[in-house]
Structures are given as C-alpha cells and as structure tokens.
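What follows is one structure encoded as structure tokens, with my remarks underneath.
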Amino acid sequence: MLPLEGIKVLDFTHAGAGPYCTMLLGDLGADIVKVEQPMGDVFRFMLNGAVFLSYNRNKRDIVIDLKKPEGKKIVKKLIKRSDVLVESFRPSVIGKLGFSYEYARRINPKIVYCSISGYGQTGPLSHLPAFDPLIQAFSGVMAATGEPGTPPARTAGMFIDAGAGTLAAYTITSCLLSRRKTGKGCRIDISMLDVVTSWMGWQVTNYFMSGEIPEKFGSGYRWWEPYRAFKVKDGYVFIGTVDEESWKKFCEIIGLGDLPKDPRFATNEERCKHRFELISIVEDKLKDYTREELVELLRKHDLLTAPVQTLDELLAHPHIQARKMLIDIRNPQTGEKTKTSGIPMKIFNLNLKVRRQPPKYGEHTEEILRELGYTKREIIKLKEKKVVF
C-alpha cells in the first residue's frame, strides 16, 4: 500500500508550483482529481505540452464549467468527499468562483485546504500574478545570479515553482497527520516569495549581521576560494576547497605544491582578496586537462569536484539511469511516447511508479461523475448543457 493511498485530492492548479505539488501527492498514492475549466489548462500546449506532461502524471481529469449552477453542484460534491483541496489561483479568485476555504470548511470540516500563490494570501502584493521568473526578479535571486558586470540572469530550471510545490506537499501531509490526532482540517498558505526568502536564509542572516548584499560571482562564492568552475581543455570543472587541508591537497595534486606558501594564498581570507590572480594561476595549470581526466584525478583523492555538464550529458549518465530518474510518458494530445523526469522520492520496499499517464482533456469526466452518483442520463444532460466536457 502506498503512503497516501485512499487520500482524495481535489486539484484546482495550473502552471508549475501547484501541479508539481499534486503530482508528488499522486506519486505517493493519492487519488488526484484535476479540475479543468472549458478552455483547458493553457500549459497543455506550451512547448508542445512539455510543461503539462512534466507535472501531471498520476492524476485523473474532469472538465467543468465552474460558473454554471450545475457545475458548482458537482464541485460541491467533490469537496464533500475530498481530504485535500489545492488551488493556485490569485487570492480571492477561487472565492469569487464560490469555493473559498470558508465554504469548503462549512461543508467538509476535515478538509485540508492549500492555496499556492506568488506572494501569499495576505500582504500588499497578494493580489499580483506571479510566475517563477517574476519571483526570481523580486526576491534578489536574479540580481545575484551570473558573472560580475553582466545583466540579471534567471536560473535555468523552475526551482521556485518546484520548491513551493514541494513545501506545499510536505505541509499537506503534515496536516493530514495532524488531522488524525485532532479530527480537524486546516488552511495552508504557500507563497513562492516566502519559499525563496527561506532558501536565502544564511544570506538574509549575513545581511543583517554585516550589511552585505549578495553579489554576482558566477559559479563561485564570495567567501571561499577556490570554490568555482575552472576552464579546462574541453569545458569546465567545478572544484571546491572548503578548508586549508583540501586546499593544500589540491595544489599538491595538480603540481602547485608551493602555492600555499605564497602569502597571497596562504589563508582563505587572503585567497579571496587575491581571487583573480589565483584563478589565473590555477586555470593556466589546468588548461591541458580534459574534464574527465581532472575529475577522475580529484575524486581519486576525495576532493569536491564535478564536471559542468549540459542537460543531454546529464540524461545520458549511467547514474541517472540507475536512479530511474527517466520515465516513459504518453503525450495525451498526440498519443506519442516521450520521456520525462522520474519520481524523485525513493521508499525502500515500495514501488512508486506512473500509475496514470498525464490525462487527456476531460478524460475521466464520466468516471468521476459516476462515482459522485450521477446517472448515465444525467451525465448526457450535463454534456448537452455544456456543464461538463
């Protein structure tokens, strides 16, 4: 039995953070009912469906016109039987549709109700729309990413979306545990901005202690050297020395054994002051190594290192295969098979897998309506009146 088997989740999410949250719950066994409105989830079609495919496995799909009275009645029945409701509208939108927390709690006191948004349910910016890059911009992450002197840069992945979705899933499961003790549901407010502010915890603390604002340092850190990507014959290799012992060992291995005796590089503090001189000396020494040669040499001596890889190199790596981090998936629009990222949670003695492919538009509408007690004739009428699709 999967950990969340038997838990019913009503999913009113779109974009990245919300669908990632409900996907994780579905991976762990929860029955996810994704509600789409007649226009459909716009992310079904972005990048040929790549966004939708990535975050919507292990879900069922029902399409309802939420503005029609009969549609609201269906949602009311779904809320009554659900353990969890997750929504990612802007604050107040779901209330205008008639499905606020107060309404849900009134008809289902045990419901765990989770709202995921850019800026949260309260505060002067709570009404604003937000996607991952907007939060990167507002939070200071974009200003501190990239090489010195270059324009602001965003991270390649949707890390804030995924982080908010993961925190939401964690909080939901915690509330489900709490409900077993108290018999009461709860209201959850997940803000993408809160998440990234939390992630920057040590930088926030350092700012209040020193007044220092994070600066652009490319692949490096302001407070350690060497701790960055160095250019080699066929690319870049990240090398990290975290103490004097690893610094001396590194120098000895690459043939710069006398470098730690130089006053400019004798301590980490001095190395940071003279970082550009140090980088020049080290890169000149490493220029004839290939990535594979250097990484193998440094790993042999238990030093922190990794090749700087492109995505195709990562996906071809045997470790990704061994960890089962690539899975086959079917595109519901075309029927074609492709691959996507695998399930990140590993639980020994349990086989977490894709039980349901990303759903077609309204694929499970009839199935879910039958579970709610609707007859075949009633379902036909709902379709004719364009309440469901």
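Ordering of the structure tokens sets the chain letters (A, B, ...), residue numbers begin anew at 1 in every chain, and ligands are numbered from 1 in the order given.
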
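When the distance limit is 12 Å and only C-alpha atoms are what count, the residues near A:Leu78, minus those fewer than 5 positions from it on the same chain, are Lys8, Val9, Leu10, Asp11, Phe12, Ile32, Val33, Lys34, Val35, Ile62, Ile64, Gly71, Lys72, Lys73, Asp83, Val84, Leu85, Phe99, Ala104, Ile107, Asn108, Ile111, Ile368, Leu369, Arg370, Glu371, Leu372 and Gly373 of chain A.
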
Using N, CA, C and O atoms, can you export the residues from the last selection as a short mmCIF file (atom, residue, chain, number, x, y, z; two decimals), in the first residue's frame?
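Ended up saving to selection.cif:
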```
data_model
loop_
_atom_site.label_atom_id
_atom_site.label_comp_id
_atom_site.auth_asym_id
_atom_site.auth_seq_id
_atom_site.Cartn_x
_atom_site.Cartn_y
_atom_site.Cartn_z
N LYS A 8 -7.99 11.49 -1.03
CA LYS A 8 -8.58 12.09 -2.22
C LYS A 8 -8.21 13.58 -2.27
O LYS A 8 -8.47 14.31 -1.31
N VAL A 9 -7.64 13.99 -3.39
CA VAL A 9 -7.17 15.37 -3.55
C VAL A 9 -7.90 16.03 -4.71
O VAL A 9 -7.92 15.49 -5.83
N LEU A 10 -8.48 17.17 -4.45
CA LEU A 10 -9.15 17.96 -5.49
C LEU A 10 -8.17 19.04 -5.95
O LEU A 10 -7.73 19.88 -5.16
N ASP A 11 -7.85 19.02 -7.23
CA ASP A 11 -6.74 19.81 -7.77
C ASP A 11 -7.26 20.92 -8.68
O ASP A 11 -7.71 20.66 -9.80
N PHE A 12 -7.20 22.16 -8.19
CA PHE A 12 -7.57 23.33 -8.99
C PHE A 12 -6.33 24.11 -9.40
O PHE A 12 -6.32 25.34 -9.37
N ILE A 32 -5.75 11.89 -7.31
CA ILE A 32 -5.81 13.30 -7.68
C ILE A 32 -6.87 13.50 -8.76
O ILE A 32 -6.79 12.89 -9.83
N VAL A 33 -7.84 14.35 -8.48
CA VAL A 33 -8.84 14.74 -9.48
C VAL A 33 -8.54 16.16 -9.90
O VAL A 33 -8.73 17.12 -9.15
N LYS A 34 -8.00 16.29 -11.13
CA LYS A 34 -7.66 17.61 -11.66
C LYS A 34 -8.88 18.22 -12.33
O LYS A 34 -9.48 17.60 -13.22
N VAL A 35 -9.26 19.41 -11.89
CA VAL A 35 -10.41 20.10 -12.46
C VAL A 35 -9.93 21.15 -13.46
O VAL A 35 -9.17 22.05 -13.10
N ILE A 62 -11.17 15.99 -14.97
CA ILE A 62 -12.58 16.29 -15.23
C ILE A 62 -12.68 17.76 -15.66
O ILE A 62 -11.98 18.62 -15.10
N ILE A 64 -15.11 20.98 -16.05
CA ILE A 64 -16.38 21.52 -15.54
C ILE A 64 -16.43 23.02 -15.80
O ILE A 64 -15.43 23.72 -15.59
N GLY A 71 -22.50 23.03 -12.51
CA GLY A 71 -21.07 22.81 -12.32
C GLY A 71 -20.66 23.02 -10.88
O GLY A 71 -19.87 22.26 -10.32
N LYS A 72 -21.22 24.06 -10.26
CA LYS A 72 -20.92 24.32 -8.85
C LYS A 72 -21.41 23.16 -7.97
O LYS A 72 -20.77 22.81 -6.97
N LYS A 73 -22.55 22.56 -8.36
CA LYS A 73 -23.08 21.44 -7.60
C LYS A 73 -22.14 20.24 -7.65
O LYS A 73 -21.93 19.55 -6.65
N ASP A 83 -10.27 14.83 0.82
CA ASP A 83 -9.44 15.06 2.01
C ASP A 83 -8.67 16.36 1.88
O ASP A 83 -8.39 17.03 2.88
N VAL A 84 -8.31 16.69 0.64
CA VAL A 84 -7.43 17.82 0.37
C VAL A 84 -7.97 18.60 -0.83
O VAL A 84 -8.44 18.00 -1.80
N LEU A 85 -7.88 19.92 -0.76
CA LEU A 85 -8.14 20.78 -1.91
C LEU A 85 -6.90 21.65 -2.11
O LEU A 85 -6.43 22.28 -1.16
N PHE A 99 -15.82 28.85 -4.09
CA PHE A 99 -15.21 27.70 -3.41
C PHE A 99 -14.11 28.12 -2.44
O PHE A 99 -13.04 27.52 -2.38
N ALA A 104 -15.64 25.65 1.79
CA ALA A 104 -15.19 24.26 1.84
C ALA A 104 -15.25 23.71 3.25
O ALA A 104 -15.68 22.57 3.48
N ILE A 107 -18.82 22.75 4.46
CA ILE A 107 -19.41 21.50 4.00
C ILE A 107 -18.52 20.29 4.28
O ILE A 107 -18.96 19.14 4.18
N ASN A 108 -17.25 20.55 4.63
CA ASN A 108 -16.32 19.46 4.94
C ASN A 108 -15.31 19.96 5.99
O ASN A 108 -14.21 20.40 5.64
N ILE A 111 -11.45 19.09 5.84
CA ILE A 111 -10.66 19.29 4.63
C ILE A 111 -9.35 20.03 4.92
O ILE A 111 -9.31 20.95 5.74
N ILE A 368 -15.67 10.08 -12.98
CA ILE A 368 -15.76 10.80 -11.70
C ILE A 368 -17.21 11.14 -11.39
O ILE A 368 -17.67 11.02 -10.25
N LEU A 369 -17.98 11.53 -12.41
CA LEU A 369 -19.40 11.84 -12.19
C LEU A 369 -20.16 10.60 -11.72
O LEU A 369 -21.04 10.68 -10.85
N ARG A 370 -19.85 9.44 -12.30
CA ARG A 370 -20.50 8.20 -11.85
C ARG A 370 -20.18 7.93 -10.39
O ARG A 370 -21.05 7.50 -9.62
N GLU A 371 -18.92 8.19 -9.99
CA GLU A 371 -18.54 8.00 -8.58
C GLU A 371 -19.33 8.92 -7.66
O GLU A 371 -19.58 8.59 -6.50
N LEU A 372 -19.71 10.10 -8.19
CA LEU A 372 -20.48 11.06 -7.39
C LEU A 372 -21.97 10.74 -7.37
O LEU A 372 -22.75 11.45 -6.72
N GLY A 373 -22.37 9.69 -8.10
CA GLY A 373 -23.77 9.26 -8.06
C GLY A 373 -24.61 9.71 -9.24
O GLY A 373 -25.82 9.47 -9.26
#
```

Within 8 Å of A:Glu283 using only C-alpha atoms, minus same-chain residues under 5 positions, as JSON, numbers by chain: {"A": [230, 231, 232]}

Would you mind exporting C-alpha atoms of the selected residues as a PDB file, in the first residue's frame?
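Once written, selection19.pdb looks like this:
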```
ATOM      1  CA  PHE A 230      37.529  26.332 -13.793  1.00  0.00           C
ATOM      2  CA  LYS A 231      38.095  26.218 -17.541  1.00  0.00           C
ATOM      3  CA  VAL A 232      39.846  23.102 -18.831  1.00  0.00           C
TER       4      VAL A 232
END
```

Stretch 267-277 of chain A: which residues within 9 Å, counting only C-alpha atoms, same-chain residues fewer than 4 positions away excluded, as a ChimeraX atom specification? /A:222-226,242-244,247,260,263,281-282

Taking the DSSP assignment computed from this structure's backbone, write out as an MDAnalysis selection string all residues of stretch 84-326 of chain A that belong to alpha helix (DSSP H). chainID A and resid 93:97 101:107 132:139 159:182 192:199 201:210 244:254 268:273 275:286 291:300 311:315 318:322

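When atom CA of A:Pro148 is paired with atom CA of A:Lys216, their separation reads 5.0 Å.
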
Residue list (strand (DSSP E), DSSP) for stretch 156-318 of chain A, as a list in words: Cys186, Arg187, Ile188, Asp189, Ile190, Ser191, Tyr227, Arg228, Ala229, Phe230, Lys231, Val232, Gly235, Tyr236, Val237, Phe238, Ile239, Gly240, Leu304, Thr305, Ala306 and Pro307 of chain A

Saved selection, atoms kept: N, CA, C and O atoms, as an mmCIF file, in the first residue's frame:
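Written out: out-v4.cif:
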```cif
data_model
loop_
_atom_site.group_PDB
_atom_site.id
_atom_site.type_symbol
_atom_site.label_atom_id
_atom_site.label_comp_id
_atom_site.auth_asym_id
_atom_site.auth_seq_id
_atom_site.Cartn_x
_atom_site.Cartn_y
_atom_site.Cartn_z
ATOM 1 N N CYS A 186 -7.288 21.982 8.041
ATOM 2 C CA CYS A 186 -6.521 23.220 8.237
ATOM 3 C C CYS A 186 -6.441 23.994 6.936
ATOM 4 O O CYS A 186 -6.731 23.475 5.861
ATOM 5 N N ARG A 187 -6.034 25.233 7.060
ATOM 6 C CA ARG A 187 -5.849 26.130 5.901
ATOM 7 C C ARG A 187 -4.360 26.382 5.734
ATOM 8 O O ARG A 187 -3.675 26.780 6.682
ATOM 9 N N ILE A 188 -3.850 26.186 4.521
ATOM 10 C CA ILE A 188 -2.423 26.339 4.235
ATOM 11 C C ILE A 188 -2.247 27.462 3.221
ATOM 12 O O ILE A 188 -2.943 27.517 2.209
ATOM 13 N N ASP A 189 -1.288 28.330 3.474
ATOM 14 C CA ASP A 189 -0.983 29.462 2.594
ATOM 15 C C ASP A 189 0.492 29.358 2.203
ATOM 16 O O ASP A 189 1.377 29.648 3.008
ATOM 17 N N ILE A 190 0.770 28.912 0.966
ATOM 18 C CA ILE A 190 2.144 28.778 0.477
ATOM 19 C C ILE A 190 2.433 29.905 -0.514
ATOM 20 O O ILE A 190 1.748 30.048 -1.531
ATOM 21 N N SER A 191 3.445 30.699 -0.210
ATOM 22 C CA SER A 191 3.862 31.802 -1.074
ATOM 23 C C SER A 191 5.208 31.466 -1.699
ATOM 24 O O SER A 191 6.161 31.111 -1.008
ATOM 25 N N TYR A 227 36.581 27.885 -5.116
ATOM 26 C CA TYR A 227 35.283 27.230 -4.969
ATOM 27 C C TYR A 227 34.430 27.693 -6.135
ATOM 28 O O TYR A 227 33.552 28.524 -6.000
ATOM 29 N N ARG A 228 34.735 27.149 -7.317
ATOM 30 C CA ARG A 228 34.108 27.647 -8.547
ATOM 31 C C ARG A 228 34.392 26.689 -9.699
ATOM 32 O O ARG A 228 35.123 25.690 -9.544
ATOM 33 N N ALA A 229 33.844 27.010 -10.876
ATOM 34 C CA ALA A 229 34.123 26.250 -12.096
ATOM 35 C C ALA A 229 35.369 26.814 -12.764
ATOM 36 O O ALA A 229 35.492 28.030 -12.940
ATOM 37 N N PHE A 230 36.295 25.943 -13.114
ATOM 38 C CA PHE A 230 37.529 26.332 -13.793
ATOM 39 C C PHE A 230 37.516 25.796 -15.218
ATOM 40 O O PHE A 230 37.084 24.670 -15.477
ATOM 41 N N LYS A 231 38.043 26.617 -16.136
ATOM 42 C CA LYS A 231 38.095 26.218 -17.541
ATOM 43 C C LYS A 231 39.184 25.185 -17.748
ATOM 44 O O LYS A 231 40.309 25.348 -17.256
ATOM 45 N N VAL A 232 38.862 24.123 -18.468
ATOM 46 C CA VAL A 232 39.846 23.102 -18.831
ATOM 47 C C VAL A 232 39.809 22.934 -20.355
ATOM 48 O O VAL A 232 39.182 23.717 -21.065
ATOM 49 N N GLY A 235 36.029 22.187 -21.641
ATOM 50 C CA GLY A 235 34.855 22.678 -20.912
ATOM 51 C C GLY A 235 35.218 23.255 -19.562
ATOM 52 O O GLY A 235 36.233 23.950 -19.424
ATOM 53 N N TYR A 236 34.405 22.930 -18.572
ATOM 54 C CA TYR A 236 34.622 23.456 -17.220
ATOM 55 C C TYR A 236 34.460 22.347 -16.190
ATOM 56 O O TYR A 236 33.671 21.406 -16.380
ATOM 57 N N VAL A 237 35.200 22.497 -15.094
ATOM 58 C CA VAL A 237 35.097 21.571 -13.954
ATOM 59 C C VAL A 237 34.930 22.396 -12.690
ATOM 60 O O VAL A 237 35.691 23.346 -12.459
ATOM 61 N N PHE A 238 33.927 22.052 -11.897
ATOM 62 C CA PHE A 238 33.758 22.735 -10.606
ATOM 63 C C PHE A 238 34.673 22.073 -9.580
ATOM 64 O O PHE A 238 34.705 20.851 -9.449
ATOM 65 N N ILE A 239 35.403 22.918 -8.851
ATOM 66 C CA ILE A 239 36.329 22.437 -7.821
ATOM 67 C C ILE A 239 36.062 23.212 -6.548
ATOM 68 O O ILE A 239 35.985 24.450 -6.563
ATOM 69 N N GLY A 240 35.899 22.490 -5.443
ATOM 70 C CA GLY A 240 35.627 23.148 -4.170
ATOM 71 C C GLY A 240 36.627 22.760 -3.099
ATOM 72 O O GLY A 240 36.819 21.575 -2.821
ATOM 73 N N LEU A 304 36.295 17.688 -3.547
ATOM 74 C CA LEU A 304 34.988 18.068 -4.086
ATOM 75 C C LEU A 304 35.139 18.533 -5.532
ATOM 76 O O LEU A 304 35.828 19.517 -5.804
ATOM 77 N N THR A 305 34.479 17.828 -6.437
ATOM 78 C CA THR A 305 34.569 18.206 -7.845
ATOM 79 C C THR A 305 33.417 17.601 -8.625
ATOM 80 O O THR A 305 32.826 16.606 -8.213
ATOM 81 N N ALA A 306 33.092 18.241 -9.750
ATOM 82 C CA ALA A 306 32.085 17.716 -10.675
ATOM 83 C C ALA A 306 32.279 18.387 -12.022
ATOM 84 O O ALA A 306 32.618 19.576 -12.082
ATOM 85 N N PRO A 307 32.065 17.654 -13.102
ATOM 86 C CA PRO A 307 32.129 18.295 -14.420
ATOM 87 C C PRO A 307 30.914 19.205 -14.604
ATOM 88 O O PRO A 307 29.826 18.905 -14.119
#
```

Close residues, A:Glu212 itself excluded, 12 Å, only C-alpha atoms, min 4 positions apart in chain, as a list in words: Trp202, Gln203, Val204, Thr205, Asn206, Tyr207, Phe208, Arg222 and Trp223 of chain A

Would you mind listing what lies within 7 Å of stretch 160-172 of chain A as a list in words, with only C-alpha atoms counted and same-chain residues fewer than 5 positions away left out? Gly16, Ala17, Gly18, Tyr20, Cys21, Leu24, Leu25, Val112, Asp132, Ile190, Met192, Val195 and Val196 of chain A

Residue subset to file, keeping N, CA, C and O atoms, as an mmCIF file, in the first residue's frame:
```cif
data_model
loop_
_atom_site.group_PDB
_atom_site.id
_atom_site.type_symbol
_atom_site.label_atom_id
_atom_site.label_comp_id
_atom_site.auth_asym_id
_atom_site.auth_seq_id
_atom_site.Cartn_x
_atom_site.Cartn_y
_atom_site.Cartn_z
ATOM 1 N N GLY A 16 3.195 25.797 -12.694
ATOM 2 C CA GLY A 16 4.222 24.882 -12.218
ATOM 3 C C GLY A 16 4.076 24.429 -10.782
ATOM 4 O O GLY A 16 4.045 23.238 -10.479
ATOM 5 N N ALA A 17 3.991 25.366 -9.851
ATOM 6 C CA ALA A 17 4.055 25.034 -8.426
ATOM 7 C C ALA A 17 2.917 24.120 -7.984
ATOM 8 O O ALA A 17 3.140 23.102 -7.324
ATOM 9 N N GLY A 18 1.677 24.479 -8.327
ATOM 10 C CA GLY A 18 0.531 23.691 -7.901
ATOM 11 C C GLY A 18 0.522 22.296 -8.487
ATOM 12 O O GLY A 18 0.396 21.298 -7.748
ATOM 13 N N TYR A 20 2.994 20.595 -9.582
ATOM 14 C CA TYR A 20 4.113 19.818 -9.035
ATOM 15 C C TYR A 20 3.742 19.258 -7.668
ATOM 16 O O TYR A 20 4.032 18.095 -7.355
ATOM 17 N N CYS A 21 3.073 20.078 -6.865
ATOM 18 C CA CYS A 21 2.615 19.633 -5.544
ATOM 19 C C CYS A 21 1.690 18.426 -5.658
ATOM 20 O O CYS A 21 1.911 17.391 -5.021
ATOM 21 N N LEU A 24 3.355 15.171 -6.786
ATOM 22 C CA LEU A 24 4.075 14.467 -5.713
ATOM 23 C C LEU A 24 3.112 13.682 -4.844
ATOM 24 O O LEU A 24 3.401 12.538 -4.459
ATOM 25 N N LEU A 25 1.958 14.278 -4.533
ATOM 26 C CA LEU A 25 0.956 13.569 -3.732
ATOM 27 C C LEU A 25 0.437 12.353 -4.493
ATOM 28 O O LEU A 25 0.226 11.280 -3.913
ATOM 29 N N VAL A 112 -8.292 19.587 4.264
ATOM 30 C CA VAL A 112 -7.001 20.296 4.276
ATOM 31 C C VAL A 112 -6.976 21.133 3.000
ATOM 32 O O VAL A 112 -6.956 20.589 1.892
ATOM 33 N N ASP A 132 7.492 31.867 -11.840
ATOM 34 C CA ASP A 132 8.831 31.644 -11.289
ATOM 35 C C ASP A 132 9.807 32.792 -11.575
ATOM 36 O O ASP A 132 10.431 33.332 -10.646
ATOM 37 N N ILE A 190 0.770 28.912 0.966
ATOM 38 C CA ILE A 190 2.144 28.778 0.477
ATOM 39 C C ILE A 190 2.433 29.905 -0.514
ATOM 40 O O ILE A 190 1.748 30.048 -1.531
ATOM 41 N N MET A 192 5.300 31.605 -3.019
ATOM 42 C CA MET A 192 6.572 31.366 -3.691
ATOM 43 C C MET A 192 7.645 32.320 -3.185
ATOM 44 O O MET A 192 8.818 31.942 -3.038
ATOM 45 N N VAL A 195 8.966 31.106 0.078
ATOM 46 C CA VAL A 195 9.845 29.948 -0.100
ATOM 47 C C VAL A 195 11.262 30.386 -0.438
ATOM 48 O O VAL A 195 12.239 29.944 0.173
ATOM 49 N N VAL A 196 11.397 31.286 -1.420
ATOM 50 C CA VAL A 196 12.746 31.684 -1.825
ATOM 51 C C VAL A 196 13.416 32.530 -0.746
ATOM 52 O O VAL A 196 14.639 32.469 -0.562
#
```
